[in-house]
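Chemist: What follows is the file entry-v4.cif, containing mmCIF, C-alpha atoms and all ligand atoms:
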data_work
loop_
_atom_site.label_atom_id
_atom_site.label_comp_id
_atom_site.auth_asym_id
_atom_site.auth_seq_id
_atom_site.Cartn_x
_atom_site.Cartn_y
_atom_site.Cartn_z
CA MET T 1 0.00 0.00 0.00
CA ASP T 2 1.45 3.37 -1.03
CA LYS T 3 1.90 6.07 1.63
CA TRP T 4 0.61 8.74 -0.74
CA MET T 5 -1.80 8.69 -3.63
CA TYR T 6 0.01 9.15 -6.94
CA ALA T 7 -1.61 11.10 -9.77
CA LEU T 8 -0.53 12.07 -13.29
CA SER T 9 -1.24 15.04 -15.50
CA SER T 10 -3.74 14.82 -18.35
CA ALA T 11 -5.52 16.97 -20.92
CA GLU T 12 -7.81 16.41 -23.86
CA THR T 13 -5.12 17.93 -26.10
CA ALA T 14 -1.74 19.52 -25.37
CA PRO T 15 1.46 20.29 -27.31
CA VAL T 16 4.34 17.83 -26.79
CA THR T 17 6.23 20.64 -25.07
CA ALA T 18 3.64 20.71 -22.23
CA PRO T 19 4.25 18.63 -19.08
CA ILE T 20 1.19 16.48 -19.74
CA LEU T 21 1.41 12.68 -19.71
CA LEU T 22 -2.00 11.49 -20.86
CA ARG T 23 -3.94 12.96 -23.77
CA GLY T 24 -7.52 12.24 -24.79
CA ASP T 25 -10.92 12.15 -23.13
CA ILE T 26 -11.18 12.06 -19.34
CA CYS T 27 -12.77 8.61 -19.06
CA GLY T 28 -10.09 7.05 -21.29
CA ASN T 29 -7.41 8.78 -19.23
CA ILE T 30 -8.97 7.54 -15.97
CA ARG T 31 -8.74 3.96 -17.28
CA ALA T 32 -5.15 4.48 -18.48
CA ALA T 33 -4.13 5.97 -15.11
CA ALA T 34 -5.59 2.96 -13.28
CA GLU T 35 -3.85 0.49 -15.61
CA LEU T 36 -0.55 2.26 -14.98
CA GLY T 37 -1.05 1.82 -11.20
CA TYR T 38 -1.91 5.43 -10.32
CA GLN T 39 -4.67 6.43 -7.92
CA GLY T 40 -5.39 9.91 -9.25
CA LEU T 41 -5.79 11.90 -12.46
CA GLU T 42 -4.98 15.62 -12.64
CA VAL T 43 -6.99 17.36 -15.36
CA HIS T 44 -5.86 20.46 -17.29
CA MET T 45 -8.86 21.94 -19.08
CA ARG T 46 -10.91 25.04 -19.87
CA GLU T 47 -13.67 26.14 -17.52
CA ASP T 48 -16.35 25.77 -20.20
CA THR T 49 -15.50 22.19 -21.22
CA PRO T 50 -18.77 20.24 -21.47
CA LEU T 51 -18.52 17.26 -19.11
CA ASP T 52 -20.70 14.24 -18.39
CA TYR T 53 -20.17 14.30 -14.62
CA GLU T 54 -22.14 11.14 -13.94
CA LYS T 55 -20.12 9.12 -16.44
CA ILE T 56 -16.79 10.52 -15.22
CA ASN T 57 -17.61 9.88 -11.55
CA GLN T 58 -18.85 6.39 -12.34
CA THR T 59 -15.75 5.52 -14.40
CA ALA T 60 -13.50 6.92 -11.67
CA ALA T 61 -15.27 4.86 -8.99
CA GLU T 62 -15.05 1.68 -11.10
CA CYS T 63 -11.32 2.23 -11.70
CA GLY T 64 -10.46 3.31 -8.12
CA ILE T 65 -9.28 6.70 -9.41
CA LYS T 66 -9.85 10.09 -7.82
CA ILE T 67 -9.67 13.33 -9.81
CA ALA T 68 -6.66 14.79 -7.98
CA ALA T 69 -7.22 18.41 -9.04
CA ILE T 70 -8.34 20.63 -11.89
CA VAL T 71 -5.69 22.98 -13.30
CA THR T 72 -6.89 26.45 -14.33
CA GLY T 73 -3.87 27.64 -16.37
CA ARG T 74 -5.70 27.54 -19.70
CA LEU T 75 -8.10 30.25 -18.56
CA ASN T 76 -4.98 32.43 -18.58
CA THR T 77 -3.04 31.09 -21.58
CA GLN T 78 -6.08 30.71 -23.87
CA GLY T 79 -8.69 32.91 -22.15
CA MET T 80 -6.15 35.75 -21.72
CA VAL T 81 -7.46 36.83 -18.30
CA ASN T 82 -5.88 37.05 -14.85
CA LEU T 83 -6.56 38.12 -11.25
CA VAL T 84 -4.36 41.24 -11.03
CA ASP T 85 -4.98 43.04 -14.31
CA ASP T 86 -5.39 46.84 -14.34
CA ARG T 87 -8.52 46.44 -16.47
CA PRO T 88 -11.46 45.45 -14.23
CA TYR T 89 -13.27 43.64 -17.04
CA ILE T 90 -10.25 41.32 -17.32
CA THR T 91 -10.19 40.42 -13.61
CA GLU T 92 -13.97 40.06 -13.61
CA ALA T 93 -13.74 37.59 -16.51
CA ALA T 94 -11.06 35.68 -14.57
CA MET T 95 -13.34 35.53 -11.51
CA LYS T 96 -16.27 34.38 -13.62
CA GLY T 97 -14.12 31.61 -15.14
CA LEU T 98 -12.84 30.54 -11.74
CA ARG T 99 -16.43 30.30 -10.47
CA GLU T 100 -17.14 27.88 -13.35
CA TYR T 101 -14.07 25.86 -12.33
CA ILE T 102 -15.31 25.75 -8.72
CA ARG T 103 -18.61 24.27 -9.90
CA MET T 104 -16.70 21.69 -11.97
CA ALA T 105 -14.44 20.79 -9.05
CA ALA T 106 -17.43 20.42 -6.71
CA ALA T 107 -19.18 18.12 -9.22
CA LEU T 108 -16.03 15.98 -9.52
CA ASN T 109 -15.34 16.03 -5.76
CA THR T 110 -11.93 17.59 -6.25
CA ASP T 111 -9.88 20.77 -5.74
CA LEU T 112 -8.59 23.65 -7.86
CA ILE T 113 -5.07 24.74 -8.78
CA ILE T 114 -4.34 28.43 -9.26
CA GLY T 115 -1.06 29.16 -11.04
CA TRP T 116 -0.64 31.40 -14.08
CA ILE T 117 -4.19 32.75 -13.67
CA ARG T 118 -2.78 34.92 -10.86
CA GLY T 119 -1.27 37.15 -13.54
CA ARG T 120 1.92 39.25 -13.54
CA ILE T 121 2.97 42.51 -11.91
CA PRO T 122 3.87 44.87 -14.81
CA ASP T 123 7.57 45.81 -15.00
CA GLY T 124 8.33 48.77 -12.76
CA ALA T 125 4.91 48.84 -11.08
CA ASP T 126 4.31 48.96 -7.32
CA PRO T 127 3.93 45.30 -6.25
CA GLY T 128 1.74 46.30 -3.28
CA VAL T 129 -1.11 47.35 -5.58
CA TYR T 130 -1.12 44.00 -7.36
CA HIS T 131 -0.70 41.98 -4.18
CA ALA T 132 -3.70 43.73 -2.63
CA ARG T 133 -5.76 43.11 -5.78
CA LEU T 134 -4.76 39.45 -5.83
CA ALA T 135 -5.58 39.10 -2.13
CA ARG T 136 -9.04 40.61 -2.62
CA ASN T 137 -9.90 38.39 -5.58
CA LEU T 138 -8.31 35.24 -4.17
CA SER T 139 -10.10 35.77 -0.88
CA ALA T 140 -13.50 35.83 -2.65
CA ILE T 141 -12.60 32.75 -4.69
CA CYS T 142 -11.39 30.88 -1.58
CA ARG T 143 -14.58 31.73 0.31
CA GLU T 144 -16.86 30.67 -2.55
CA ALA T 145 -14.84 27.48 -3.09
CA ALA T 146 -15.06 26.61 0.61
CA GLU T 147 -18.85 26.95 0.45
CA GLN T 148 -18.81 24.19 -2.19
CA GLY T 149 -16.27 21.99 -0.38
CA VAL T 150 -13.46 22.82 -2.81
CA ARG T 151 -9.93 23.73 -1.69
CA ILE T 152 -7.67 26.13 -3.56
CA PHE T 153 -4.04 25.16 -4.16
CA THR T 154 -1.83 28.01 -5.31
CA GLU T 155 1.27 26.82 -7.16
CA VAL T 156 4.73 28.22 -6.51
CA ILE T 157 6.20 28.63 -10.02
CA ASN T 158 9.68 29.64 -11.15
CA ARG T 159 10.65 33.26 -11.90
CA TYR T 160 10.87 32.74 -15.67
CA GLU T 161 7.12 32.02 -15.85
CA VAL T 162 5.56 34.26 -13.14
CA ASN T 163 6.48 37.09 -10.78
CA ILE T 164 4.01 36.47 -7.94
CA PHE T 165 4.67 33.43 -5.69
CA THR T 166 8.05 32.20 -6.90
CA THR T 167 9.09 30.83 -3.49
CA ALA T 168 7.35 28.95 -0.69
CA LYS T 169 8.29 31.71 1.78
CA GLU T 170 6.68 34.47 -0.30
CA THR T 171 3.55 32.35 -0.69
CA VAL T 172 3.22 31.29 2.97
CA ASN T 173 3.76 34.90 4.11
CA PHE T 174 1.05 36.10 1.72
CA LEU T 175 -1.46 33.47 2.83
CA ASP T 176 -0.74 34.40 6.47
CA GLN T 177 -0.89 38.16 5.89
CA TRP T 178 -4.25 38.00 4.11
CA ALA T 179 -5.65 35.15 6.23
CA LEU T 180 -6.53 32.99 3.21
CA SER T 181 -7.56 29.94 5.19
CA ASN T 182 -8.95 27.84 2.31
CA CYS T 183 -5.82 28.39 0.22
CA PHE T 184 -2.99 25.87 0.42
CA VAL T 185 0.51 25.92 -1.03
CA HIS T 186 1.26 23.77 -4.06
CA LEU T 187 4.95 22.96 -4.58
CA ASP T 188 6.56 21.55 -7.73
CA THR T 189 10.01 19.93 -7.58
CA PHE T 190 10.97 21.36 -10.98
CA HIS T 191 10.18 24.94 -9.94
CA MET T 192 11.71 24.52 -6.47
CA ASN T 193 14.97 23.38 -8.04
CA ILE T 194 15.17 26.78 -9.79
CA ASP T 195 14.05 29.22 -7.09
CA GLU T 196 14.35 27.64 -3.64
CA THR T 197 17.69 27.98 -1.84
CA SER T 198 16.72 24.75 -0.06
CA PRO T 199 13.76 22.79 -1.47
CA LEU T 200 13.67 20.66 1.69
CA GLU T 201 13.38 23.76 3.91
CA ALA T 202 10.67 25.06 1.56
CA ILE T 203 8.62 21.92 2.20
CA ARG T 204 9.22 22.23 5.98
CA LEU T 205 8.20 25.89 5.89
CA CYS T 206 4.85 25.00 4.30
CA GLY T 207 4.15 22.29 6.89
CA LYS T 208 0.40 21.74 7.23
CA ARG T 209 -0.24 24.42 4.60
CA LEU T 210 1.13 22.17 1.87
CA GLY T 211 -1.88 20.98 -0.15
CA TYR T 212 -0.50 19.57 -3.39
CA PHE T 213 2.82 18.38 -4.80
CA HIS T 214 4.07 18.12 -8.38
CA ALA T 215 6.93 15.77 -9.19
CA ALA T 216 9.31 16.12 -12.14
CA ASP T 217 13.08 15.84 -12.32
CA ASN T 218 15.50 18.75 -12.80
CA THR T 219 15.08 18.95 -16.60
CA ARG T 220 11.32 18.33 -16.24
CA LEU T 221 11.64 14.79 -17.50
CA TYR T 222 10.18 11.97 -15.37
CA PRO T 223 11.30 11.60 -11.72
CA GLY T 224 14.35 9.35 -11.70
CA SER T 225 15.72 10.68 -14.99
CA GLY T 226 17.95 13.37 -13.49
CA THR T 227 19.63 14.75 -10.40
CA LEU T 228 16.78 15.39 -7.93
CA ASN T 229 16.75 13.29 -4.78
CA PHE T 230 13.15 12.17 -4.30
CA ASN T 231 14.15 10.10 -1.26
CA SER T 232 14.94 13.26 0.62
CA TYR T 233 11.81 15.09 -0.62
CA PHE T 234 9.69 12.18 0.56
CA SER T 235 11.43 12.01 3.93
CA VAL T 236 10.53 15.66 4.56
CA LEU T 237 6.97 15.21 3.23
CA ASP T 238 6.65 12.35 5.73
CA GLU T 239 8.14 14.51 8.49
CA ILE T 240 5.49 17.25 7.97
CA GLY T 241 2.68 14.68 7.77
CA TYR T 242 1.79 15.49 4.16
CA GLU T 243 -1.43 13.74 3.13
CA GLY T 244 -2.10 15.13 -0.37
CA PHE T 245 -1.38 13.76 -3.82
CA ILE T 246 2.04 13.31 -5.38
CA SER T 247 1.18 14.26 -8.94
CA VAL T 248 3.61 13.53 -11.76
CA GLU T 249 3.68 16.55 -14.06
CA CYS T 250 6.58 16.01 -16.43
CA LEU T 251 7.34 16.07 -20.14
CA PRO T 252 5.90 13.13 -22.12
CA LEU T 253 9.32 11.81 -23.16
CA PRO T 254 10.23 9.41 -24.62
CA ASP T 255 6.40 9.11 -24.61
CA GLY T 256 3.69 9.73 -22.01
CA MET T 257 3.06 6.10 -21.03
CA THR T 258 6.76 5.27 -20.66
CA ALA T 259 7.40 8.42 -18.63
CA ALA T 260 4.37 7.65 -16.41
CA ARG T 261 5.58 4.07 -15.78
CA LYS T 262 9.18 5.08 -15.06
CA ALA T 263 8.03 7.90 -12.77
CA LEU T 264 5.82 5.67 -10.65
CA ASP T 265 8.49 2.94 -10.38
CA HIS T 266 11.03 5.47 -9.20
CA LEU T 267 8.72 7.28 -6.77
CA ARG T 268 7.60 4.02 -5.16
CA GLN T 269 11.24 3.01 -4.69
CA CYS T 270 11.95 6.40 -3.12
CA GLU T 271 8.95 6.04 -0.85
CA LYS T 272 10.36 2.74 0.43
CA GLY T 273 13.63 4.52 1.25
CA ILE T 274 12.03 7.22 3.45
CA GLY T 275 14.29 8.19 6.34
CA ASN T 276 17.42 6.54 4.86
CA ASN T 277 18.71 9.35 2.71
CA ASN T 278 18.53 12.71 4.39
C1 LIG T 301 1.86 23.93 -13.88
O1 LIG T 301 1.64 23.01 -12.88
C2 LIG T 301 3.24 24.37 -13.87
O2 LIG T 301 4.05 23.84 -13.18
C3 LIG T 301 3.59 25.49 -14.72
O3 LIG T 301 4.94 25.50 -14.99
C4 LIG T 301 2.86 25.49 -16.00
O4 LIG T 301 3.21 24.39 -16.74
MN MN T 302 3.56 22.24 -11.73
#
If you convert what's in this file into structure tokens, what do you get?
Ligand code: LER
Ligand code: MN
Modeler:
Amino acid sequence: MDKWMYALSSAETAPVTAPILLRGDICGNIRAAAELGYQGLEVHMREDTPLDYEKINQTAAECGIKIAAIVTGRLNTQGMVNLVDDRPYITEAAMKGLREYIRMAAALNTDLIIGWIRGRIPDGADPGVYHARLARNLSAICREAAEQGVRIFTEVINRYEVNIFTTAKETVNFLDQWALSNCFVHLDTFHMNIDETSPLEAIRLCGKRLGYFHAADNTRLYPGSGTLNFNSYFSVLDEIGYEGFISVECLPLPDGMTAARKALDHLRQCEKGIGNNN
């Protein structure tokens, strides 16, 4: 029996450059995830995707799979909206989209990931203005999500992709300062390896606020392909009593199925070695 539930990233369609392992419809991906030995499926999709909730929930129950989380990034990359924009109609559209995602997550009994949809602070602008705007919008989203039993996970992403929440410390301080109680930190080993002085201390700093965890190796290939020490990550996750998913979000190379298999083999081995490699 695994200590954590393992999930893998999926989307109906995605370019090969995206860290998505399974492509195709959700029910097919649920079956593929189960056959590969995973317990969860992370779904990257638009907020207006038509879904047959009954069929998805039934397929998931039959396969012993849980939808690990819904990722909202496409509302930003395709929908071109965000939570800190200077134009109110842009932030309002982002809020409207996130409310659709909350309804989806509630219907699939899962949680929501907020990453790129946060938006960027314009070069040279006063960060305080954008932080306050983000806090106000995130606070409303967190409250509305909580009313529907959905948690918000905000992902710490490297500085080349975002400029709000690039380290665990910045994120934890923000959640504390604005008392965002239904918002949890989401760490990603690939991003941590770029921007955290000590990834292990970053995990410790999050403690009980850690809600979700992405696993990829240093070049974003599957865990076990590179230099990251997943034994030590797992030892610290165990130390803080982490109970969320370990979700493999890596490049589909040499192909998605092979990467998914190699990732799970490696992570299970590392889980067995907890405490031996700190
Ligand atoms: C999403 O989880 C992520 O890590 C970002 O880099 C977007 O791919
Ligand atoms: Mn990630």
Chemist: Go through T:Leu267, T:Leu251, T:Met257, T:Leu205 one by one, measure the shortest atom-to-atom distance of each to ligand LIG 301 (chain T) using all atoms listed in the file, and give the residue with the smallest value.
Modeler: T:Leu251
Chemist: With only C-alpha atoms and all ligand atoms as the basis for distance, which of T:Phe190, T:Phe230, T:Tyr38, T:Tyr242 is at the shortest distance from ligand MN 302 (chain T)?
Modeler: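 Ranking T:Phe190, T:Phe230, T:Tyr38, T:Tyr242 by distance to ligand MN 302 (chain T), first place goes to T:Phe190.
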Chemist: Env of Glu47 of chain T: 8 Å cut, atoms = only C-alpha atoms, seq-sep filter 3 positions within chain, self excluded. Answer as a count of residues only.
Modeler: 7
Chemist: Which chains and residue numbers are within 10 Å of ligand MN 302 (chain T), counting all atoms listed in the file, if I want them as a list of chain:residue names?
Modeler: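 Sorted by chain and then by number, the residues are T:Ser9, T:Pro19, T:Val71, T:Ile113, T:Gly115, T:Glu155, T:Val156, T:Ile157, T:Asn158, T:His186, T:Leu187, T:Asp188, T:Thr189, T:Phe190, T:His191, T:Met192, T:Tyr212, T:Phe213, T:His214, T:Ala215, T:Ala216, T:Arg220, T:Ser247, T:Val248, T:Glu249, T:Cys250.
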Chemist: Give me, as a list in words, all polymer residues having an atom no more than 12 Å from Gly79 of chain T, counting only C-alpha atoms and skipping those fewer than 2 positions away in the same chain.
Modeler: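 Near neighbours after the sequence-gap exclusion: Met45, Arg46, Glu47, Asp48, Thr72, Gly73, Arg74, Leu75, Asn76, Thr77, Val81, Asn82, Ile90, Thr91, Ala93, Ala94, Met95, Lys96, Gly97, Leu98, Trp116 and Ile117 of chain T.
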Chemist: Hey, could you pull the box centre and edge lengths for segment 226-238 of chain T, axis-aligned, 6 Å padding per side, all listed atoms, to one decimal in Å, as lines of an AutoDock Vina configuration file?
Modeler:
center_x = 13.1
center_y = 12.9
center_z = -3.9
size_x = 25.0
size_y = 17.6
size_z = 31.2
Chemist: Quick one: everything within 8 Å of segment 32-37 of chain T, counting only C-alpha atoms, minus sequence neighbours fewer than 4 positions away in the same chain. Send it as number ranges by chain.
Modeler: T: 7-8, 28, 41, 63-65, 260-261, 264
Chemist: One decimal, Å: what's the distance from atom CA of Glu243 of chain T over to atom CA of Cys142 of chain T, could you say?
Modeler: 20.4 Å
Chemist: Hey, which of T:Thr227, T:Asn173, T:Gln39, T:Gln148 ends up closest to Tyr6 of chain T? Count all atoms listed in the file.
Modeler: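 Checking each candidate against Tyr6 of chain T, we get T:Gln39 as the closest.
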Chemist: What residues have an atom no more than 12 Å from (6.1, 36.6, -11.7) in the file's own frame, counting all atoms listed in the file, and can you write them as an MDAnalysis selection string?
Modeler: chainID T and resid 84 115:123 127 130:131 155:167 170 195
Chemist: Mind pulling up the distance from atom CA of Ile70 of chain T to atom CA of Gly241 of chain T?
Modeler: 23.3 Å
Chemist: With distances taken over all atoms listed in the file, which of T:Asn137, T:Ala259, T:Pro252, T:Glu147 is nearest to Ala18 of chain T?
Modeler: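 Closest residue, counting all atoms listed in the file: T:Pro252.
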